[in-house]
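Q: Sharing a structure below in structure tokens format, with a few things to ask.
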Amino acid sequence: MSRLRFILPLLLFALLVAVFAIGIRESPDKDLIPSPLIGKPAPDFSLPNLTDPAQRVSSTQLRGHWYLLNVWGTWCGSCRMEHSMLLRIKQSGLIPLVGLDWKDDRDDALSFLKQEGDPYATIAVDRDGSEAIMWGVYGAPETFLVNPQGIVIYKYIGPITEQAWTQQILPRLPMNQTAAAGASS
Amino acid sequence: MPLRTASLFMAAIMAALLLGTSVAYAIAPEQMPTPQLETRYLALIQGFRCMQCQDESLADSPVNLAADMRRQIRDMLLAGKTDQQIRDFMVSRYGYFILFKPPFVLKTAWLWLTPGVLLLVGVLVALRVIRQRAALAATDLEDNDLTDA
């Protein structure tokens, strides 16, 4: 009985140490805030098309296809870092990239794409940043995987790396279909 | 002439006062049409976290995203949304992380309840100890009585 009295506090203390150690080690990066949109319908939108402002890009056009919505801007350095990866995703033909050009200058965006290559099937323009708030964007680049029913399946924060593509995004795609015929129509 | 100087002086003071108030809202210079809306607006933006700086509120943050979010909140207020509707909207896009004060929901229940549970455990332990000691003291007295007799 007296021995238990001595050991019990020590055990409790050890338990606390273990809880804190696991908590600190496993805690997600504070910069990566999980999106509450995952598993929920993606926001409905209808925005001007970057390449032809008379046309619109809307969520209803995108229904029925898997797509990656990539939030970018020419002012964003990390977006330039991921650009070559985006071009490779386009080449793979597995899923169309829909750009959301966030608070950007149209001429800058067009000349950037002309120089570096255009990985996007279609690009929507969010001139004043209000669409980005609908998607819970807090920094570019951010990429959302949306399924044909318009449900957000996954969000990747930061520049897409080879590893992110093969380990996070590819496994979430239904491999029996190629969605390449997607959103350009 | 002195009258004119005086009125110029007054005008200068008025201008300084006006400038002074606008400087006070340098980060959030937007003005709401009524004082009631202004009060609600200022209270709301102080309760949301700036998602880019994270330890600053929307009211204090100078970054572009915070300005966009303040505009969103302003637009919703002007559209007649309640504070709760605005908070729900922000949480639906950015998660509970955007609220400076964690709400009481299933996920955060342990955070709010643990102190109470610990207090209860402490009180129960203390009660037991006190009762045991009281019982011991009583038996001591009885023993003394026996030996004395």
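Identifiers in this document derive from the order of the structure tokens: chains are assigned A, B, ..., residues are numbered from 1 separately in each chain, and ligands are numbered from 1 in order of occurrence.
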I need the contact residues of chain A against chain B, so if you could list those with any atom within 8 Å, counting only C-alpha atoms, and return them as a count of residues only, that would help.
A: 15
Q: Compile the contact shell of Gly77 (chain A) as a count of residues only: residues with an atom at most 10 Å away, counting only C-alpha atoms, same-chain residues fewer than 5 positions apart removed.
A: 5
Q: What does the distance between CA of Gly150 (chain A) and CA of Leu47 (chain A) come to in Å, to one decimal place?
A: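 Those two atoms sit 16.6 Å apart.
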Q: Run DSSP on the backbone of this structure and report the residues of region 9-111 of chain A it assigns to helix (DSSP H, G or I), as number ranges by chain.
A: A: 9-26, 59-62, 77-92, 106-111
Q: Just the selected residues (N, CA and C atoms), exported as a short mmCIF file (atom, residue, chain, number, x, y, z; two decimals), in the first residue's frame, please.
A:
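Done, and the output landed in again24.cif:
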data_model
loop_
_atom_site.label_atom_id
_atom_site.label_comp_id
_atom_site.auth_asym_id
_atom_site.auth_seq_id
_atom_site.Cartn_x
_atom_site.Cartn_y
_atom_site.Cartn_z
N PRO A 9 2.30 8.42 -8.07
CA PRO A 9 2.61 9.75 -8.62
C PRO A 9 3.67 9.69 -9.70
N LEU A 10 4.67 8.83 -9.49
CA LEU A 10 5.73 8.69 -10.49
C LEU A 10 5.15 8.21 -11.82
N LEU A 11 4.25 7.21 -11.73
CA LEU A 11 3.61 6.68 -12.94
C LEU A 11 2.80 7.77 -13.63
N LEU A 12 2.06 8.52 -12.83
CA LEU A 12 1.26 9.61 -13.40
C LEU A 12 2.16 10.62 -14.10
N PHE A 13 3.28 10.93 -13.45
CA PHE A 13 4.22 11.88 -14.01
C PHE A 13 4.78 11.36 -15.35
N ALA A 14 5.15 10.06 -15.34
CA ALA A 14 5.67 9.45 -16.57
C ALA A 14 4.62 9.50 -17.68
N LEU A 15 3.37 9.28 -17.31
CA LEU A 15 2.28 9.33 -18.28
C LEU A 15 2.17 10.73 -18.90
N LEU A 16 2.25 11.74 -18.03
CA LEU A 16 2.19 13.13 -18.50
C LEU A 16 3.33 13.43 -19.48
N VAL A 17 4.54 12.99 -19.09
CA VAL A 17 5.70 13.21 -19.95
C VAL A 17 5.45 12.58 -21.32
N ALA A 18 4.90 11.34 -21.31
CA ALA A 18 4.65 10.65 -22.58
C ALA A 18 3.62 11.41 -23.41
N VAL A 19 2.55 11.88 -22.75
CA VAL A 19 1.50 12.62 -23.47
C VAL A 19 2.09 13.87 -24.12
N PHE A 20 2.89 14.63 -23.35
CA PHE A 20 3.45 15.87 -23.90
C PHE A 20 4.45 15.57 -25.01
N ALA A 21 5.27 14.52 -24.81
CA ALA A 21 6.29 14.19 -25.82
C ALA A 21 5.61 13.83 -27.14
N ILE A 22 4.57 12.98 -27.06
CA ILE A 22 3.87 12.60 -28.29
C ILE A 22 3.18 13.82 -28.89
N GLY A 23 2.57 14.62 -28.02
CA GLY A 23 1.87 15.82 -28.49
C GLY A 23 2.78 16.76 -29.24
N ILE A 24 3.98 16.98 -28.68
CA ILE A 24 4.91 17.91 -29.33
C ILE A 24 5.44 17.31 -30.63
N ARG A 25 5.76 16.01 -30.60
CA ARG A 25 6.35 15.40 -31.78
C ARG A 25 5.33 15.26 -32.92
N GLU A 26 4.11 14.88 -32.55
CA GLU A 26 3.11 14.58 -33.58
C GLU A 26 2.29 15.80 -34.00
N SER A 59 -18.19 26.66 -61.47
CA SER A 59 -18.15 25.34 -60.83
C SER A 59 -19.09 24.37 -61.53
N THR A 60 -20.16 24.88 -62.15
CA THR A 60 -21.08 23.97 -62.83
C THR A 60 -20.42 23.35 -64.07
N GLN A 61 -19.56 24.12 -64.76
CA GLN A 61 -18.83 23.56 -65.91
C GLN A 61 -17.92 22.42 -65.46
N LEU A 62 -17.43 22.52 -64.23
CA LEU A 62 -16.42 21.56 -63.77
C LEU A 62 -17.05 20.30 -63.17
N GLY A 77 6.31 33.75 -54.99
CA GLY A 77 7.56 33.06 -55.33
C GLY A 77 7.43 31.55 -55.30
N SER A 78 6.72 31.04 -54.30
CA SER A 78 6.60 29.58 -54.19
C SER A 78 5.81 29.00 -55.35
N CYS A 79 4.92 29.84 -55.96
CA CYS A 79 4.15 29.35 -57.11
C CYS A 79 5.09 29.12 -58.29
N ARG A 80 6.10 29.98 -58.42
CA ARG A 80 7.08 29.77 -59.49
C ARG A 80 7.87 28.49 -59.25
N MET A 81 8.10 28.22 -57.94
CA MET A 81 8.84 27.00 -57.60
C MET A 81 8.09 25.75 -58.04
N GLU A 82 6.77 25.77 -57.92
CA GLU A 82 6.02 24.55 -58.24
C GLU A 82 5.63 24.48 -59.71
N HIS A 83 5.98 25.52 -60.48
CA HIS A 83 5.47 25.60 -61.85
C HIS A 83 5.88 24.41 -62.70
N SER A 84 7.15 23.98 -62.58
CA SER A 84 7.61 22.86 -63.41
C SER A 84 6.85 21.58 -63.04
N MET A 85 6.52 21.46 -61.74
CA MET A 85 5.75 20.29 -61.31
C MET A 85 4.34 20.34 -61.92
N LEU A 86 3.76 21.52 -61.97
CA LEU A 86 2.42 21.66 -62.57
C LEU A 86 2.46 21.27 -64.04
N LEU A 87 3.53 21.66 -64.73
CA LEU A 87 3.65 21.30 -66.14
C LEU A 87 3.74 19.78 -66.31
N ARG A 88 4.44 19.14 -65.37
CA ARG A 88 4.55 17.67 -65.43
C ARG A 88 3.20 17.01 -65.15
N ILE A 89 2.42 17.60 -64.24
CA ILE A 89 1.09 17.05 -63.96
C ILE A 89 0.22 17.16 -65.22
N LYS A 90 0.36 18.29 -65.90
CA LYS A 90 -0.40 18.45 -67.14
C LYS A 90 0.00 17.38 -68.15
N GLN A 91 1.33 17.16 -68.27
CA GLN A 91 1.84 16.16 -69.21
C GLN A 91 1.33 14.76 -68.90
N SER A 92 1.18 14.50 -67.60
CA SER A 92 0.73 13.16 -67.20
C SER A 92 -0.67 12.88 -67.74
N ARG A 106 -3.43 41.04 -64.73
CA ARG A 106 -3.74 40.17 -65.87
C ARG A 106 -2.55 40.07 -66.83
N ASP A 107 -1.95 41.21 -67.16
CA ASP A 107 -0.84 41.20 -68.12
C ASP A 107 0.35 40.40 -67.58
N ASP A 108 0.63 40.60 -66.28
CA ASP A 108 1.72 39.84 -65.65
C ASP A 108 1.44 38.35 -65.77
N ALA A 109 0.21 37.96 -65.45
CA ALA A 109 -0.15 36.54 -65.46
C ALA A 109 0.00 35.97 -66.87
N LEU A 110 -0.51 36.70 -67.87
CA LEU A 110 -0.47 36.19 -69.24
C LEU A 110 0.97 36.07 -69.73
N SER A 111 1.80 37.08 -69.44
CA SER A 111 3.18 37.00 -69.95
C SER A 111 3.98 35.93 -69.21
#
Q: In Å, how far is it from CA of Leu94 (chain A) to CA of Gly39 (chain A)?
A: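 That distance, rounded to one decimal, is 21.5 Å.
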Q: Using only C-alpha atoms for the distances, tell me which of A:Lys40, A:Arg56, A:Lys114, A:Lys103 is nearest to Asn147 (chain A).
A: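 Residue with the minimum atom-to-atom distance to Asn147 (chain A): A:Lys40.
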